[in-house]
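Undergrad: You'll find data-v7.cif just under this line, and it carries mmCIF, C-alpha atoms.
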```cif
data_coords
#
loop_
_atom_site.label_atom_id
_atom_site.label_comp_id
_atom_site.auth_asym_id
_atom_site.auth_seq_id
_atom_site.Cartn_x
_atom_site.Cartn_y
_atom_site.Cartn_z
CA MET A 24 114.31 122.15 103.33
CA ALA A 25 114.72 119.00 105.39
CA ALA A 26 117.81 116.91 105.97
CA ILE A 27 117.20 113.24 105.13
CA LEU A 28 119.21 110.12 105.88
CA SER A 29 118.70 107.40 103.25
CA VAL A 30 119.69 104.03 104.73
CA SER A 31 120.21 100.88 102.68
CA GLY A 32 120.08 97.69 104.70
CA SER A 33 121.19 95.50 101.81
CA PRO A 34 124.32 93.37 102.21
CA SER A 35 124.92 93.33 98.45
CA ALA A 36 127.22 95.73 96.61
CA THR A 37 125.04 95.38 93.48
CA SER A 38 121.76 95.64 95.34
CA ARG A 39 118.53 96.62 93.61
CA THR A 40 117.43 98.01 96.97
CA THR A 41 120.40 100.37 97.17
CA ARG A 42 120.10 101.44 93.55
CA LEU A 43 116.41 102.15 94.04
CA LEU A 44 117.14 104.21 97.16
CA ARG A 45 119.80 106.26 95.38
CA HIS A 46 117.31 106.88 92.58
CA LEU A 47 114.75 108.12 95.11
CA ASP A 48 117.44 110.21 96.81
CA ASP A 49 117.76 112.15 93.55
CA ARG A 50 114.02 112.75 93.51
CA LEU A 51 114.15 114.09 97.07
CA ARG A 52 117.10 116.34 96.19
CA ASP A 53 115.10 117.66 93.22
CA GLN A 54 112.40 118.58 95.75
CA GLY A 55 114.91 120.68 97.68
CA HIS A 56 116.01 118.31 100.44
CA ASP A 57 119.56 117.58 101.59
CA VAL A 58 120.06 113.81 101.39
CA ILE A 59 122.82 111.82 103.08
CA SER A 60 123.25 108.21 101.98
CA LEU A 61 124.27 105.41 104.31
CA GLU A 62 124.92 101.86 103.18
CA VAL A 63 124.99 99.69 106.27
CA ARG A 64 127.14 97.11 104.45
CA THR A 65 130.02 99.61 104.52
CA LEU A 66 130.12 99.63 108.33
CA PRO A 67 132.64 97.23 109.89
CA ALA A 68 131.13 93.77 110.38
CA GLU A 69 133.00 93.28 113.66
CA ALA A 70 131.39 96.44 115.07
CA LEU A 71 127.90 95.43 113.96
CA LEU A 72 128.11 91.78 115.00
CA GLY A 73 130.03 92.52 118.17
CA ALA A 74 127.58 95.23 119.25
CA ASP A 75 130.43 97.73 119.57
CA PHE A 76 128.49 100.90 120.37
CA ARG A 77 131.75 102.84 120.73
CA HIS A 78 133.27 101.91 117.38
CA PRO A 79 133.96 105.16 115.48
CA ALA A 80 131.89 104.01 112.47
CA VAL A 81 128.90 103.21 114.70
CA VAL A 82 129.28 106.52 116.55
CA ALA A 83 129.37 108.33 113.17
CA ALA A 84 126.28 106.47 111.92
CA THR A 85 124.43 107.29 115.15
CA ALA A 86 125.35 110.96 114.71
CA LEU A 87 123.85 110.92 111.21
CA PHE A 88 120.50 109.81 112.64
CA GLU A 89 120.68 112.63 115.19
CA GLN A 90 121.33 115.30 112.54
CA VAL A 91 118.39 114.66 110.20
CA ASP A 92 114.70 115.45 110.07
CA GLY A 93 113.67 112.37 108.12
CA VAL A 94 114.90 108.86 107.41
CA VAL A 95 114.30 106.60 104.44
CA ILE A 96 114.89 102.97 105.40
CA GLY A 97 115.31 100.53 102.53
CA THR A 98 115.75 96.80 102.88
CA PRO A 99 115.55 93.63 100.89
CA VAL A 100 113.13 91.15 102.41
CA TYR A 101 114.50 87.77 103.45
CA LYS A 102 112.19 85.13 104.94
CA ALA A 103 109.40 87.69 105.45
CA ALA A 104 111.57 90.13 107.44
CA TYR A 105 113.94 93.02 106.91
CA SER A 106 117.61 92.21 106.51
CA GLY A 107 119.74 91.04 109.42
CA LEU A 108 122.29 93.66 108.46
CA LEU A 109 119.71 96.41 108.99
CA LYS A 110 118.67 94.80 112.28
CA SER A 111 122.30 94.85 113.43
CA LEU A 112 122.46 98.61 112.89
CA LEU A 113 119.05 99.35 114.41
CA ASP A 114 120.03 97.33 117.49
CA LEU A 115 123.09 99.55 118.01
CA LEU A 116 121.22 102.83 117.78
CA PRO A 117 119.86 104.50 120.92
CA GLN A 118 116.34 103.37 121.89
CA TYR A 119 114.78 106.61 120.65
CA ALA A 120 117.08 107.33 117.70
CA LEU A 121 114.05 108.12 115.54
CA ALA A 122 112.32 110.42 118.04
CA GLY A 123 110.79 113.36 116.22
CA LYS A 124 111.70 111.95 112.81
CA THR A 125 109.50 111.27 109.80
CA VAL A 126 110.30 107.85 108.34
CA LEU A 127 109.66 106.26 104.94
CA PRO A 128 110.02 102.45 104.99
CA LEU A 129 110.76 100.75 101.67
CA ALA A 130 111.38 97.11 100.85
CA THR A 131 112.25 94.99 97.83
CA GLY A 132 111.80 91.30 97.31
CA GLY A 133 111.17 88.50 94.90
CA SER A 134 107.59 87.64 95.83
CA THR A 135 104.39 89.41 96.78
CA ALA A 136 104.24 86.91 99.66
CA HIS A 137 106.58 89.30 101.49
CA VAL A 138 104.66 92.52 100.91
CA LEU A 139 103.52 92.72 104.54
CA ALA A 140 107.09 92.68 105.87
CA ILE A 141 107.01 96.47 106.04
CA ASP A 142 103.91 96.58 108.23
CA TYR A 143 104.52 93.50 110.37
CA ALA A 144 108.31 93.41 110.72
CA LEU A 145 109.79 96.86 110.05
CA ARG A 146 107.11 99.35 111.10
CA PRO A 147 106.86 98.11 114.73
CA VAL A 148 110.63 98.50 115.19
CA LEU A 149 110.61 101.99 113.70
CA SER A 150 107.70 102.91 115.94
CA SER A 151 109.41 101.54 119.05
CA MET A 152 112.41 103.74 118.21
CA GLY A 153 110.21 106.82 118.60
CA ALA A 154 109.47 107.79 114.99
CA ALA A 155 107.12 110.76 115.08
CA HIS A 156 105.49 109.84 111.78
CA ILE A 157 105.92 106.74 109.65
CA VAL A 158 104.47 107.47 106.23
CA GLN A 159 103.02 104.78 104.02
CA GLY A 160 105.82 102.56 102.82
CA TRP A 161 106.14 100.58 99.63
CA PHE A 162 107.25 97.09 98.62
CA THR A 163 108.74 96.77 95.14
CA LEU A 164 109.18 93.46 93.39
CA ASP A 165 112.71 92.71 92.19
CA LYS A 166 111.33 92.05 88.70
CA ASP A 167 110.10 95.66 88.57
CA ILE A 168 113.63 97.04 89.04
CA THR A 169 116.09 96.83 86.17
CA ALA A 170 119.65 98.01 86.68
CA GLY A 171 121.68 98.81 83.59
CA ASP A 172 125.39 98.09 83.25
CA ASP A 173 125.93 101.86 83.02
CA GLY A 174 124.40 102.41 86.47
CA SER A 175 121.02 103.45 85.10
CA LEU A 176 117.85 102.25 86.76
CA THR A 177 114.46 101.54 85.26
CA VAL A 178 111.40 100.91 87.39
CA ALA A 179 108.28 99.33 85.89
CA PRO A 180 105.55 101.95 85.32
CA GLY A 181 103.12 100.80 88.05
CA ALA A 182 105.86 100.53 90.65
CA ALA A 183 107.39 103.84 89.54
CA GLU A 184 104.09 105.63 90.03
CA ALA A 185 103.56 104.12 93.50
CA LEU A 186 107.13 104.96 94.55
CA ALA A 187 106.69 108.52 93.32
CA GLN A 188 103.53 108.85 95.41
CA VAL A 189 105.04 107.55 98.67
CA THR A 190 108.23 109.55 98.14
CA ASP A 191 106.23 112.73 97.48
CA GLN A 192 104.07 112.10 100.57
CA PHE A 193 107.26 111.71 102.61
CA SER A 194 108.57 114.98 101.17
CA ILE A 195 105.31 116.75 101.96
CA ALA A 196 105.35 115.38 105.52
CA LEU A 197 108.81 116.94 105.89
CA GLY A 198 107.55 120.28 104.62
CA GLY A 199 108.89 119.79 101.13
CA ARG A 200 107.72 121.08 97.83
CA THR A 201 104.31 119.80 96.85
CA THR A 202 104.86 120.14 93.11
CA VAL A 203 104.37 116.67 91.69
CA LEU A 204 107.29 115.50 89.61
CA ALA A 205 107.18 112.79 86.96
CA PRO A 206 107.20 109.18 88.19
CA VAL A 207 110.57 107.76 89.23
CA GLY A 208 110.77 105.18 86.42
#
```
Now, as a test, write the supplied structure out as structure tokens.
TA:
Amino acid sequence: MAAILSVSGSPSATSRTTRLLRHLDDRLRDQGHDVISLEVRTLPAEALLGADFRHPAVVAATALFEQVDGVVIGTPVYKAAYSGLLKSLLDLLPQYALAGKTVLPLATGGSTAHVLAIDYALRPVLSSMGAAHIVQGWFTLDKDITAGDDGSLTVAPGAAEALAQVTDQFSIALGGRTTVLAPVG
């Protein structure tokens, strides 16, 4: 099956965005894909903010993008845009780092006022980086994501069903199994 890079652009160590991505990573693995996780917050701040293209961590992250068939990009939405942390990484990648890749954009946020951030802020950047196919993304409200103290994650039924659909469409676009699994909630 396909190799997938799952990128969290959240600056928070206890991020709902990251937990949701890791939950979806499991779904993609269950569909037969190899999934590599990348949390941008773990990259050195001085490399990201200083635009150090040659920093070993940036070189390694760039190599991950080169090695995969598909990319899941997850970000919290701040002020109607994707996170600055994610922007810092995207700015350091080669212009066509997503050439030939299938991309699934996902976002989380506190208000439906930010639902268009995927289409108006993130999608144009992904397209300009050469993504071959950007599947329909999904915005999930923070209130629909509940993280348990034990690391468990519960997604509200409506959001879980929508996330399952976009994740399965991404999998299908990558040539994955078309057997529909239960919702991600």
Undergrad: Just the residues within 9 Å of Val94 (chain A), please, counting only C-alpha atoms, with nothing from its chain fewer than 3 positions along; format it as a list in words.
TA: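 My list of contacting residues is Ala26, Ile27, Leu28, Ser29, Val30, Phe88, Val91, Leu121, Lys124, Thr125, Val126, Leu127 and Pro128 of chain A.
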Undergrad: Quick one: distance from CA of Ile195 (chain A) to CA of His156 (chain A) in Å, one decimal?
TA: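 Those two atoms sit 12.0 Å apart.
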Undergrad: Kindly resolve the PyMOL selection byres ((chain A and resi 142) around 12) on the present coordinates and return the residues as a ChimeraX atom specification.
TA: /A:103-105,127-130,137-141,143-150,157-162
Undergrad: List the spatial neighbours of Phe76 (chain A) as a PyMOL selection string - criterion: any atom at most 9 Å away, only C-alpha atoms, same-chain residues fewer than 6 positions off excluded.
TA: chain A and resi 70+82+115-116
Undergrad: Have a look at CA of Val100 (chain A) and CA of Gly198 (chain A) and let me know their distance in Å, one decimal.
TA: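 Spanning CA of Val100 (chain A) to CA of Gly198 (chain A) is a straight-line distance of 29.7 Å.
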Undergrad: Between A:Gln90, A:Thr40, A:Thr131, A:Thr177, which one has atoms that come closest to Leu164 (chain A), using only C-alpha atoms?
TA: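 Nearest candidate to Leu164 (chain A) out of A:Gln90, A:Thr40, A:Thr131, A:Thr177: A:Thr131.
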Undergrad: Go through A:Ala122, A:Ile59, A:Leu43, A:Leu72 one by one, measure the shortest atom-to-atom distance of each to Pro99 (chain A) using only C-alpha atoms, and give the residue with the smallest value.
TA: A:Leu43
